[in-house]
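Student: For reference, this is run-v4.txt, and it has compact mmCIF, C-alpha atoms.
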# COMPACT_ATOMS: atom_id res chain seq x y z
CA MET V 1 0.00 0.00 0.00
CA LYS V 2 2.84 2.38 0.92
CA LYS V 3 4.50 1.68 -2.44
CA ILE V 4 1.30 2.58 -4.27
CA ILE V 5 0.98 5.89 -2.37
CA LEU V 6 4.64 6.73 -2.98
CA PHE V 7 4.30 5.95 -6.68
CA THR V 8 1.19 8.16 -6.93
CA VAL V 9 2.95 11.07 -5.21
CA ILE V 10 5.91 10.77 -7.56
CA ILE V 11 3.65 10.78 -10.63
CA ILE V 12 1.89 13.94 -9.43
CA PHE V 13 4.85 15.74 -7.90
CA ILE V 14 7.47 15.37 -10.63
CA PRO V 15 5.44 17.13 -13.39
CA PHE V 16 4.61 19.87 -10.88
CA VAL V 17 8.31 20.40 -10.15
CA ILE V 18 9.17 20.48 -13.86
CA VAL V 19 6.49 23.07 -14.64
CA THR V 20 7.32 25.17 -11.57
CA PHE V 21 11.07 25.30 -11.95
CA PHE V 22 11.37 25.33 -15.72
CA LYS V 23 8.26 27.48 -16.29
CA ILE V 24 7.16 26.25 -19.68
CA ASP V 25 6.36 29.32 -21.75
CA LYS V 26 2.92 29.09 -23.29
CA ARG V 27 2.76 32.66 -24.55
CA GLU V 28 1.41 33.06 -28.04
CA GLU V 29 1.79 35.78 -30.64
CA ILE V 30 -1.22 38.05 -31.05
CA LYS V 31 -2.81 37.71 -34.45
CA LEU V 32 -3.27 40.76 -36.66
CA ASN V 33 -6.63 41.95 -37.90
CA TYR V 34 -6.44 42.53 -41.65
CA GLU V 35 -8.04 41.63 -44.94
CA SER V 36 -6.02 38.99 -46.82
CA ASN V 37 -5.89 41.07 -50.00
CA THR V 38 -4.45 44.24 -48.46
CA ILE V 39 -0.81 44.06 -49.54
CA ILE V 40 2.16 46.33 -50.10
CA ARG V 41 5.15 45.77 -52.37
CA VAL V 42 8.38 46.26 -50.42
CA LYS V 43 11.80 46.33 -52.07
CA ARG V 44 14.46 44.83 -49.81
CA LEU V 45 17.59 46.84 -50.50
CA SER V 46 19.98 44.14 -49.24
CA SER V 47 18.77 41.59 -51.80
CA GLY V 48 17.00 43.70 -54.41
CA GLU V 49 13.97 41.42 -54.11
CA ILE V 50 10.41 42.74 -54.00
CA GLU V 51 8.22 41.19 -51.33
CA TYR V 52 4.43 41.27 -51.30
CA LEU V 53 3.53 41.71 -47.65
CA PRO V 54 0.22 41.89 -45.77
CA PHE V 55 -0.24 45.62 -45.23
CA GLU V 56 -0.73 45.49 -41.44
CA GLU V 57 2.19 43.09 -41.00
CA TYR V 58 4.34 45.64 -42.81
CA ILE V 59 3.20 48.33 -40.35
CA VAL V 60 4.32 46.14 -37.43
CA GLY V 61 7.77 45.86 -39.03
CA VAL V 62 7.88 49.64 -39.47
CA LEU V 63 7.07 50.21 -35.80
CA ALA V 64 9.95 47.89 -34.91
CA GLY V 65 12.30 49.76 -37.22
CA GLU V 66 11.24 53.31 -36.47
CA MET V 67 10.64 53.51 -32.69
CA PRO V 68 12.48 52.20 -29.60
CA ILE V 69 10.58 49.26 -28.14
CA TYR V 70 10.34 50.92 -24.72
CA PHE V 71 8.10 53.71 -26.06
CA GLU V 72 4.59 54.12 -24.68
CA LYS V 73 1.71 52.34 -26.38
CA GLU V 74 -0.04 55.59 -27.40
CA ALA V 75 3.14 56.75 -29.14
CA PHE V 76 3.27 53.46 -31.05
CA LYS V 77 -0.38 53.83 -32.01
CA ALA V 78 0.29 57.34 -33.33
CA GLN V 79 3.27 55.98 -35.29
CA ALA V 80 1.13 53.15 -36.68
CA VAL V 81 -1.41 55.59 -38.13
CA ALA V 82 1.33 57.87 -39.46
CA ALA V 83 3.26 54.95 -41.00
CA ARG V 84 0.08 53.57 -42.57
CA SER V 85 -0.72 56.98 -44.07
CA TYR V 86 2.81 57.40 -45.38
CA ALA V 87 2.69 53.95 -46.98
CA LEU V 88 -0.67 54.61 -48.61
CA LYS V 89 0.68 57.82 -50.11
CA LYS V 90 3.65 55.91 -51.51
CA ILE V 91 1.33 53.30 -52.99
CA GLU V 92 -0.56 56.12 -54.68
CA TYR V 93 2.66 57.67 -56.03
CA ASN V 94 4.12 54.37 -57.20
CA LYS V 95 1.08 52.56 -58.58
CA ASP V 96 2.78 52.22 -62.00
CA SER V 97 6.15 51.18 -60.55
CA GLU V 98 7.53 47.77 -59.64
CA TYR V 99 7.36 48.44 -55.91
CA ASP V 100 5.70 50.82 -53.46
CA VAL V 101 8.38 51.38 -50.81
CA VAL V 102 11.92 50.42 -49.90
CA ASP V 103 12.75 49.03 -46.47
CA SER V 104 15.20 51.75 -45.38
CA VAL V 105 15.29 55.35 -44.15
CA LEU V 106 14.75 56.37 -47.77
CA ASN V 107 11.09 55.59 -46.97
CA GLN V 108 10.36 53.79 -43.69
CA VAL V 109 12.64 51.31 -41.94
CA TYR V 110 11.03 47.87 -42.05
CA LEU V 111 12.34 44.91 -40.02
CA ASP V 112 10.99 41.43 -40.66
CA SER V 113 10.16 38.77 -38.07
CA ALA V 114 13.30 36.71 -38.76
CA TYR V 115 15.50 39.71 -37.97
CA LEU V 116 13.47 40.61 -34.88
CA LYS V 117 13.52 37.06 -33.48
CA ASP V 118 17.29 37.10 -33.68
CA ALA V 119 17.59 40.63 -32.27
CA TRP V 120 15.09 40.25 -29.42
CA GLY V 121 15.71 36.63 -28.45
CA ASN V 122 13.45 35.52 -25.60
CA LYS V 123 11.80 38.96 -25.53
CA TYR V 124 10.46 38.52 -29.04
CA VAL V 125 6.91 37.45 -28.14
CA ASP V 126 6.41 40.25 -25.59
CA ASN V 127 7.84 42.87 -27.92
CA ILE V 128 6.02 41.77 -31.07
CA ASN V 129 2.74 41.56 -29.15
CA LYS V 130 3.20 45.12 -27.93
CA LEU V 131 3.56 46.29 -31.53
CA ARG V 132 0.71 44.14 -32.83
CA GLU V 133 -1.60 45.49 -30.14
CA ALA V 134 -0.82 49.03 -31.31
CA VAL V 135 -1.55 48.04 -34.91
CA ASN V 136 -4.75 46.18 -34.04
CA ASP V 137 -5.97 49.05 -31.85
CA THR V 138 -5.64 51.38 -34.84
CA SER V 139 -6.59 48.75 -37.42
CA LEU V 140 -6.52 50.19 -40.97
CA GLU V 141 -6.69 53.78 -39.71
CA TYR V 142 -4.99 56.54 -41.68
CA LEU V 143 -4.89 60.34 -41.77
CA GLU V 144 -6.87 62.40 -44.25
CA TYR V 145 -6.94 66.07 -45.20
CA ASN V 146 -9.63 67.42 -47.54
CA GLY V 147 -10.53 63.93 -48.71
CA GLU V 148 -6.96 62.80 -49.47
CA VAL V 149 -4.46 60.60 -47.66
CA ILE V 150 -1.79 62.83 -46.19
CA ASP V 151 1.96 62.61 -46.69
CA ALA V 152 2.59 61.79 -43.03
CA LEU V 153 6.23 62.73 -42.59
CA PHE V 154 7.88 62.13 -39.23
CA PHE V 155 11.33 62.40 -37.68
CA SER V 156 13.18 61.66 -34.46
CA THR V 157 13.62 64.77 -32.32
CA SER V 158 12.57 68.40 -32.63
CA ASN V 159 14.50 71.41 -31.37
CA GLY V 160 11.37 72.53 -29.52
CA TYR V 161 9.35 73.14 -32.69
CA THR V 162 8.57 71.26 -35.87
CA GLU V 163 9.26 73.00 -39.19
CA ASN V 164 7.04 74.12 -42.08
CA SER V 165 7.27 71.69 -45.00
CA SER V 166 7.79 74.57 -47.43
CA LEU V 167 11.13 75.47 -45.81
CA VAL V 168 12.52 71.93 -45.99
CA PHE V 169 10.93 70.21 -49.00
CA ASN V 170 9.67 73.22 -51.00
CA ILE V 171 6.09 71.93 -50.70
CA ASP V 172 3.63 73.98 -48.70
CA LEU V 173 1.26 71.45 -47.14
CA PRO V 174 -1.32 72.89 -44.70
CA TYR V 175 -1.13 69.90 -42.38
CA LEU V 176 2.68 70.07 -42.14
CA GLN V 177 3.06 73.43 -40.45
CA SER V 178 5.29 74.35 -37.53
CA VAL V 179 3.96 73.48 -34.06
CA ALA V 180 5.54 73.58 -30.61
CA SER V 181 7.07 70.34 -29.35
CA MET V 182 8.31 71.01 -25.84
CA TRP V 183 8.63 67.36 -24.78
CA ASP V 184 11.74 66.42 -26.79
CA SER V 185 14.31 68.01 -24.48
CA SER V 186 13.34 65.64 -21.67
CA THR V 187 12.67 62.47 -23.69
CA SER V 188 15.44 62.37 -26.31
CA SER V 189 19.14 61.84 -25.68
CA ALA V 190 19.70 63.30 -29.17
CA PHE V 191 18.11 66.64 -28.29
CA LYS V 192 21.58 68.21 -28.08
CA SER V 193 24.69 66.71 -29.65
CA THR V 194 28.22 67.66 -30.67
CA LYS V 195 30.22 66.52 -33.68
CA LYS V 196 33.94 67.07 -34.25
CA ILE V 197 35.28 67.16 -37.81
CA SER V 198 38.86 67.79 -38.89
CA SER V 199 39.32 71.05 -40.77
CA SER V 200 40.52 69.13 -43.81
CA ASP V 201 37.41 66.97 -43.94
CA PHE V 202 35.15 69.94 -43.20
CA TYR V 203 36.40 72.10 -46.07
CA SER V 204 36.73 69.15 -48.44
CA SER V 205 33.11 68.09 -47.82
CA LEU V 206 31.95 71.61 -48.64
CA GLY V 207 34.17 71.97 -51.72
CA LEU V 208 36.12 74.82 -50.15
CA GLU V 209 39.82 75.56 -49.88
CA LYS V 210 41.18 74.67 -46.46
CA SER V 211 41.67 77.66 -44.21
CA ASP V 212 43.23 78.24 -40.80
CA THR V 213 40.42 80.62 -39.94
CA LEU V 214 36.70 79.86 -39.87
CA ASN V 215 34.42 82.77 -40.70
CA PHE V 216 30.90 81.46 -40.07
CA LYS V 217 27.88 83.75 -40.44
CA VAL V 218 24.18 82.93 -40.20
CA LEU V 219 22.36 84.91 -42.88
CA LYS V 220 18.82 83.75 -42.22
CA ARG V 221 17.00 81.55 -39.72
CA SER V 222 13.45 80.25 -39.76
CA SER V 223 11.06 81.13 -36.96
CA THR V 224 12.01 77.78 -35.36
CA ASN V 225 15.71 78.77 -35.17
CA ARG V 226 16.80 76.41 -37.93
CA ILE V 227 19.37 77.88 -40.31
CA LEU V 228 18.09 78.61 -43.80
CA ASN V 229 21.14 80.42 -45.23
CA LEU V 230 24.70 80.92 -44.03
CA SER V 231 28.14 81.79 -45.30
CA ILE V 232 31.48 80.12 -44.61
CA ASN V 233 34.55 82.13 -45.46
CA GLY V 234 32.50 84.19 -47.91
CA THR V 235 30.76 81.28 -49.69
CA GLU V 236 27.01 80.98 -49.19
CA PHE V 237 25.18 77.73 -48.44
CA THR V 238 21.75 76.67 -47.32
CA GLY V 239 21.39 75.05 -43.94
CA ARG V 240 20.10 71.96 -45.71
CA GLU V 241 23.32 71.74 -47.77
CA LEU V 242 25.44 71.53 -44.62
CA TYR V 243 22.96 69.06 -43.10
CA ASP V 244 23.45 66.78 -46.11
CA LYS V 245 27.14 67.34 -46.86
CA LEU V 246 28.34 67.05 -43.26
CA GLY V 247 25.83 64.47 -42.05
CA LEU V 248 24.43 66.75 -39.36
CA LYS V 249 21.55 65.76 -37.11
CA SER V 250 19.69 69.04 -37.57
CA THR V 251 19.75 72.40 -39.34
CA ASP V 252 19.69 74.12 -35.94
CA PHE V 253 23.45 74.18 -35.45
CA SER V 254 26.47 76.33 -34.62
CA LEU V 255 30.09 76.06 -35.78
CA LYS V 256 33.36 76.92 -34.10
CA GLN V 257 37.00 76.14 -34.67
CA GLU V 258 39.21 74.46 -32.06
CA ASN V 259 42.81 74.00 -33.18
CA ASP V 260 42.60 71.97 -36.40
CA ASN V 261 39.01 70.78 -35.83
CA ILE V 262 35.55 72.19 -36.45
CA ILE V 263 33.09 71.67 -33.60
CA ILE V 264 29.41 71.48 -34.57
CA ASP V 265 26.72 71.71 -31.90
CA THR V 266 23.21 70.73 -32.99
CA VAL V 267 19.77 70.84 -31.43
CA GLY V 268 17.24 68.23 -32.58
CA TYR V 269 17.57 65.22 -34.86
CA GLY V 270 16.00 64.90 -38.30
CA HIS V 271 14.42 67.06 -40.97
CA GLY V 272 11.91 68.52 -38.52
CA VAL V 273 8.72 68.13 -40.58
CA GLY V 274 5.61 66.37 -39.29
CA MET V 275 5.49 64.28 -36.13
CA SER V 276 8.40 64.30 -33.72
CA GLN V 277 8.69 60.72 -32.44
CA TYR V 278 10.23 61.72 -29.13
CA GLY V 279 7.64 64.46 -28.88
CA ALA V 280 4.97 61.79 -29.35
CA GLU V 281 6.59 59.77 -26.57
CA GLY V 282 6.56 62.81 -24.30
CA MET V 283 2.89 63.43 -24.99
CA ALA V 284 2.08 59.76 -24.32
CA LEU V 285 3.94 59.93 -21.00
CA GLU V 286 1.76 62.89 -20.03
CA GLY V 287 -1.39 60.90 -20.74
CA TYR V 288 -2.29 62.15 -24.22
CA SER V 289 -3.96 59.66 -26.56
CA TYR V 290 -2.68 58.76 -29.99
CA LYS V 291 -5.47 60.85 -31.47
CA ASP V 292 -4.27 63.86 -29.46
CA ILE V 293 -0.72 63.29 -30.69
CA LEU V 294 -1.75 63.03 -34.34
CA SER V 295 -4.01 66.08 -34.26
CA HIS V 296 -1.21 68.10 -32.66
CA TYR V 297 1.48 67.29 -35.20
CA TYR V 298 -0.68 66.95 -38.34
CA VAL V 299 -2.72 70.14 -38.27
CA GLY V 300 -6.34 69.93 -39.40
CA THR V 301 -6.29 66.23 -40.29
CA SER V 302 -8.87 63.58 -39.41
CA ILE V 303 -8.58 59.84 -38.85
CA LYS V 304 -10.33 57.61 -41.37
CA LYS V 305 -10.48 53.84 -41.85
CA LEU V 306 -9.60 51.89 -44.97
CA LEU V 307 -12.73 50.62 -46.68
CA ASN V 308 -13.33 48.40 -49.69
CA TRP V 309 -12.29 51.06 -52.19
CA CYS V 310 -8.89 51.29 -50.55
CA ILE V 311 -8.54 47.51 -50.39
CA TYR V 312 -9.27 47.35 -54.10
CA PHE V 313 -6.72 50.11 -54.64
CA LEU V 314 -4.04 48.08 -52.87
CA ILE V 315 -4.35 44.82 -54.81
Represent the structure contained in this file as structure tokens.
Tutor:
Amino acid sequence: MKKIILFTVIIIFIPFVIVTFFKIDKREEIKLNYESNTIIRVKRLSSGEIEYLPFEEYIVGVLAGEMPIYFEKEAFKAQAVAARSYALKKIEYNKDSEYDVVDSVLNQVYLDSAYLKDAWGNKYVDNINKLREAVNDTSLEYLEYNGEVIDALFFSTSNGYTENSSLVFNIDLPYLQSVASMWDSSTSSAFKSTKKISSSDFYSSLGLEKSDTLNFKVLKRSSTNRILNLSINGTEFTGRELYDKLGLKSTDFSLKQENDNIIIDTVGYGHGVGMSQYGAEGMALEGYSYKDILSHYYVGTSIKKLLNWCIYFLI
């Protein structure tokens, strides 16, 4: 009788110990809500191949590529709607082309599940579910202005204000006007940064003759303090030219010479037009909803939902 009792205890107790101490993980990935025929054509720059991806799955990959995973859910939801709008606009532009978007910063950074599983390891399920929740909560939502999908530009970090689209991209869009973004200074480590360049590299990058003296003058700034025009040793440039040629983080910058180096201090990170991602994070931390965030950064827009006509447009 004692042997039977002992045997029964062992049968019950051993599985309990295994489950308790090894904690078998039964978490599952959240499924996405989307129509099977909503697709987007993504060119993978590393291989040159064009992939036909479910539209909402693509948005999840953009969230992974464009925002730090620790961001608040409302910031991710705002990014999901912005990314979806941006992608729809690209589909409209490229309807006669081989592909709609590329997977890099040239459009939107897209990371696939294979990459993310390797990068996140045992945190993959938790992280991907966080992103999929944000996509499902905003399922097929996009931004519209006067009956059209907007060109929902976004960037990393403002200098305290976003910039008018006309001053950066020479397109005056009413929903991409300058607004205050006071949250970035406390949320983004890139709010202020310093870059050191040798004098030789500095002048060579600008196509100028090397000089022992730097004569830097700001000729015109925008109302947001970003440099529009400047001169260096008598040669005029736009702020955007230095941003591109020197790989600066922002057009709100200052230059000074120290020995044989040029020191460049910048405020903000990115082109400055549309939604500031770290501004969105700051708003989310203060309790604003994704709808509040979107209406703040994309002036006068409204949130709409993809219907059958859009699904037809995508296939």
Student: Would you work out the distance separating atom CA of V:Asp103 from atom CA of V:Arg44, expressed in Å to one decimal?
Tutor: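 Straight-line distance from atom CA of V:Asp103 to atom CA of V:Arg44 works out to 5.6 Å.
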Student: (23.4, 69.3, -30.1) in this file's frame - what residues fall within 9 Å of it? Use all atoms listed in the file and give the answer as a PyMOL selection string.
Tutor: chain V and resi 190-195+249-250+252-254+264-269
Student: Do a neighbour search on V:Thr213 at 10 Å with all atoms listed in the file, toss out local chain neighbours closer than 6 positions, and write the hits as number ranges by chain.
Tutor: V: 199, 233, 256-257, 259-260
Student: Could you jot down the atom CA of V:Tyr175 to atom CA of V:Thr301 separation for me, Å, one decimal place?
Tutor: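 Atom-to-atom, atom CA of V:Tyr175 to atom CA of V:Thr301, that is 6.7 Å.
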Student: Go ahead and fit an axis-aligned box to every listed atom of stretch 279-294 of chain V plus 5 Å each side, and pass me the centre and edge lengths in Å, one decimal, as lines of an AutoDock Vina configuration file.
Tutor:
center_x = 1.1
center_y = 61.6
center_z = -27.2
size_x = 23.1
size_y = 15.7
size_z = 24.3
Student: List the neighbours of V:Leu167 out to 10 Å using only C-alpha atoms; skip same-chain residues closer than 4 positions along the sequence, and give me the result as a count of residues only.
Tutor: 9
Student: To one decimal in Å, tell me the separation between atom CA of V:Asn122 and atom CA of V:Leu63.
Tutor: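 Between atom CA of V:Asn122 and atom CA of V:Leu63 the gap works out to 19.0 Å.
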Student: Considering all atoms listed in the file, state which residue in the set V:Ile69, V:Ile293, V:Asn159, V:Glu133 is at the smallest distance from V:Trp120.
Tutor: V:Ile69
Student: Considering all atoms listed in the file, can you say which of V:Glu241, V:Asp201, V:Glu51, V:Glu141 comes closest to V:Val168?
Tutor: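 Closest to V:Val168 of all the choices is V:Glu241.
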Student: Select, from V:His296, V:Arg84, V:Arg221, V:Lys130, the residue with the minimum atom-to-atom distance to V:Tyr142, counting only C-alpha atoms.
Tutor: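 Going through V:His296, V:Arg84, V:Arg221, V:Lys130 one by one, the smallest distance to V:Tyr142 is for V:Arg84.
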Student: Find, counting all atoms listed in the file, the residue in V:Glu144, V:Glu209, V:Glu57, V:Glu49 that gets nearest to V:Ser295.
Tutor: V:Glu144
Student: Mind checking which residues fall within 12 Å of V:Lys43, counting all atoms listed in the file, ignoring those fewer than 4 positions away in the same chain, and posting them as an mmCIF file with C-alpha atoms, in the coordinates of the input?
Tutor:
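The file below, out19.cif, is the result:
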data_model
loop_
_atom_site.group_PDB
_atom_site.id
_atom_site.type_symbol
_atom_site.label_atom_id
_atom_site.label_comp_id
_atom_site.auth_asym_id
_atom_site.auth_seq_id
_atom_site.Cartn_x
_atom_site.Cartn_y
_atom_site.Cartn_z
ATOM 1 C CA SER V 47 18.770 41.590 -51.800
ATOM 2 C CA GLY V 48 17.000 43.700 -54.410
ATOM 3 C CA GLU V 49 13.970 41.420 -54.110
ATOM 4 C CA ILE V 50 10.410 42.740 -54.000
ATOM 5 C CA GLU V 51 8.220 41.190 -51.330
ATOM 6 C CA TYR V 52 4.430 41.270 -51.300
ATOM 7 C CA LEU V 53 3.530 41.710 -47.650
ATOM 8 C CA TYR V 58 4.340 45.640 -42.810
ATOM 9 C CA SER V 97 6.150 51.180 -60.550
ATOM 10 C CA GLU V 98 7.530 47.770 -59.640
ATOM 11 C CA TYR V 99 7.360 48.440 -55.910
ATOM 12 C CA ASP V 100 5.700 50.820 -53.460
ATOM 13 C CA VAL V 101 8.380 51.380 -50.810
ATOM 14 C CA VAL V 102 11.920 50.420 -49.900
ATOM 15 C CA ASP V 103 12.750 49.030 -46.470
ATOM 16 C CA SER V 104 15.200 51.750 -45.380
ATOM 17 C CA LEU V 106 14.750 56.370 -47.770
ATOM 18 C CA ASN V 107 11.090 55.590 -46.970
ATOM 19 C CA GLN V 108 10.360 53.790 -43.690
ATOM 20 C CA VAL V 109 12.640 51.310 -41.940
ATOM 21 C CA TYR V 110 11.030 47.870 -42.050
#
Student: Which neighbours of V:Asp151 fall inside 10 Å, counting all atoms listed in the file, when residues of the same chain fewer than 3 positions from it are skipped, and could you give them as a count of residues only?
Tutor: 18
Student: With all atoms listed in the file as the atoms that count, which of V:Met182, V:Val125, V:Val105, V:Ile91 lies nearest to V:Gly282?
Tutor: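 Smallest distance to V:Gly282 is found for V:Met182.
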Student: Give me the residues near stretch 277-279 of chain V as a PyMOL selection string, where near means some atom within 12 Å (using all atoms listed in the file) and where sequence neighbours in that chain fewer than 5 positions away do not count.
Tutor: chain V and resi 63+66-68+70-72+74-80+82-83+153-162+179-191+268-270+272+284-286+288+290+292-294+296-297
Student: Suppose we keep C-alpha atoms; can you now write the selection as a CSV table (one decimal), keeping the file's coordinate frame?
Tutor:
chain,number,residue,atom,x,y,z
V,63,LEU,CA,7.1,50.2,-35.8
V,66,GLU,CA,11.2,53.3,-36.5
V,67,MET,CA,10.6,53.5,-32.7
V,68,PRO,CA,12.5,52.2,-29.6
V,70,TYR,CA,10.3,50.9,-24.7
V,71,PHE,CA,8.1,53.7,-26.1
V,72,GLU,CA,4.6,54.1,-24.7
V,74,GLU,CA,0.0,55.6,-27.4
V,75,ALA,CA,3.1,56.8,-29.1
V,76,PHE,CA,3.3,53.5,-31.0
V,77,LYS,CA,-0.4,53.8,-32.0
V,78,ALA,CA,0.3,57.3,-33.3
V,79,GLN,CA,3.3,56.0,-35.3
V,80,ALA,CA,1.1,53.2,-36.7
V,82,ALA,CA,1.3,57.9,-39.5
V,83,ALA,CA,3.3,55.0,-41.0
V,153,LEU,CA,6.2,62.7,-42.6
V,154,PHE,CA,7.9,62.1,-39.2
V,155,PHE,CA,11.3,62.4,-37.7
V,156,SER,CA,13.2,61.7,-34.5
V,157,THR,CA,13.6,64.8,-32.3
V,158,SER,CA,12.6,68.4,-32.6
V,159,ASN,CA,14.5,71.4,-31.4
V,160,GLY,CA,11.4,72.5,-29.5
V,161,TYR,CA,9.4,73.1,-32.7
V,162,THR,CA,8.6,71.3,-35.9
V,179,VAL,CA,4.0,73.5,-34.1
V,180,ALA,CA,5.5,73.6,-30.6
V,181,SER,CA,7.1,70.3,-29.4
V,182,MET,CA,8.3,71.0,-25.8
V,183,TRP,CA,8.6,67.4,-24.8
V,184,ASP,CA,11.7,66.4,-26.8
V,185,SER,CA,14.3,68.0,-24.5
V,186,SER,CA,13.3,65.6,-21.7
V,187,THR,CA,12.7,62.5,-23.7
V,188,SER,CA,15.4,62.4,-26.3
V,189,SER,CA,19.1,61.8,-25.7
V,190,ALA,CA,19.7,63.3,-29.2
V,191,PHE,CA,18.1,66.6,-28.3
V,268,GLY,CA,17.2,68.2,-32.6
V,269,TYR,CA,17.6,65.2,-34.9
V,270,GLY,CA,16.0,64.9,-38.3
V,272,GLY,CA,11.9,68.5,-38.5
V,284,ALA,CA,2.1,59.8,-24.3
V,285,LEU,CA,3.9,59.9,-21.0
V,286,GLU,CA,1.8,62.9,-20.0
V,288,TYR,CA,-2.3,62.2,-24.2
V,290,TYR,CA,-2.7,58.8,-30.0
V,292,ASP,CA,-4.3,63.9,-29.5
V,293,ILE,CA,-0.7,63.3,-30.7
V,294,LEU,CA,-1.8,63.0,-34.3
V,296,HIS,CA,-1.2,68.1,-32.7
V,297,TYR,CA,1.5,67.3,-35.2
Student: Taking only C-alpha atoms into account, name the residue in V:Asp112, V:Glu236, V:Glu28, V:Glu92 that is nearest to V:Val60.
Tutor: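 Among the listed residues, the smallest separation from V:Val60 belongs to V:Asp112.
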Student: Reconstruct N, CA and C atoms of stretch 184-204 of chain V from the incomplete input and present them as a tab-separated table (two decimals), keeping the file's coordinate frame.
Tutor:
chain	number	residue	atom	x	y	z
V	184	ASP	N	10.54	67.10	-26.28
V	184	ASP	CA	11.74	66.42	-26.79
V	184	ASP	C	12.96	66.59	-25.90
V	185	SER	N	13.11	67.75	-25.29
V	185	SER	CA	14.31	68.01	-24.48
V	185	SER	C	14.43	67.05	-23.31
V	186	SER	N	13.30	66.55	-22.82
V	186	SER	CA	13.34	65.64	-21.67
V	186	SER	C	13.25	64.17	-22.05
V	187	THR	N	12.84	63.86	-23.29
V	187	THR	CA	12.67	62.47	-23.69
V	187	THR	C	13.78	61.94	-24.59
V	188	SER	N	14.48	62.83	-25.30
V	188	SER	CA	15.44	62.37	-26.31
V	188	SER	C	16.88	62.68	-25.92
V	189	SER	N	17.71	61.65	-25.94
V	189	SER	CA	19.14	61.84	-25.68
V	189	SER	C	19.82	62.56	-26.83
V	190	ALA	N	19.13	62.63	-27.99
V	190	ALA	CA	19.70	63.30	-29.17
V	190	ALA	C	19.26	64.75	-29.27
V	191	PHE	N	18.59	65.26	-28.23
V	191	PHE	CA	18.11	66.64	-28.29
V	191	PHE	C	19.26	67.61	-28.54
V	192	LYS	N	20.38	67.41	-27.84
V	192	LYS	CA	21.58	68.21	-28.08
V	192	LYS	C	22.74	67.25	-28.34
V	193	SER	N	23.54	67.56	-29.34
V	193	SER	CA	24.69	66.71	-29.65
V	193	SER	C	25.82	67.55	-30.22
V	194	THR	N	27.02	66.98	-30.17
V	194	THR	CA	28.22	67.66	-30.67
V	194	THR	C	28.99	66.74	-31.60
V	195	LYS	N	29.44	67.29	-32.71
V	195	LYS	CA	30.22	66.52	-33.68
V	195	LYS	C	31.53	67.26	-33.95
V	196	LYS	N	32.62	66.50	-33.96
V	196	LYS	CA	33.94	67.07	-34.25
V	196	LYS	C	34.41	66.57	-35.61
V	197	ILE	N	34.79	67.51	-36.48
V	197	ILE	CA	35.28	67.16	-37.81
V	197	ILE	C	36.63	67.86	-38.01
V	198	SER	N	37.57	67.15	-38.61
V	198	SER	CA	38.86	67.79	-38.89
V	198	SER	C	38.63	68.91	-39.91
V	199	SER	N	39.45	69.92	-39.84
V	199	SER	CA	39.32	71.05	-40.77
V	199	SER	C	39.43	70.58	-42.21
V	200	SER	N	40.33	69.65	-42.44
V	200	SER	CA	40.52	69.13	-43.81
V	200	SER	C	39.25	68.49	-44.33
V	201	ASP	N	38.63	67.63	-43.52
V	201	ASP	CA	37.41	66.97	-43.94
V	201	ASP	C	36.26	67.96	-44.07
V	202	PHE	N	36.21	68.93	-43.18
V	202	PHE	CA	35.15	69.94	-43.20
V	202	PHE	C	35.16	70.71	-44.51
V	203	TYR	N	36.32	71.28	-44.86
V	203	TYR	CA	36.40	72.10	-46.07
V	203	TYR	C	36.28	71.24	-47.34
V	204	SER	N	36.83	70.05	-47.29
V	204	SER	CA	36.73	69.15	-48.44
V	204	SER	C	35.27	68.77	-48.70
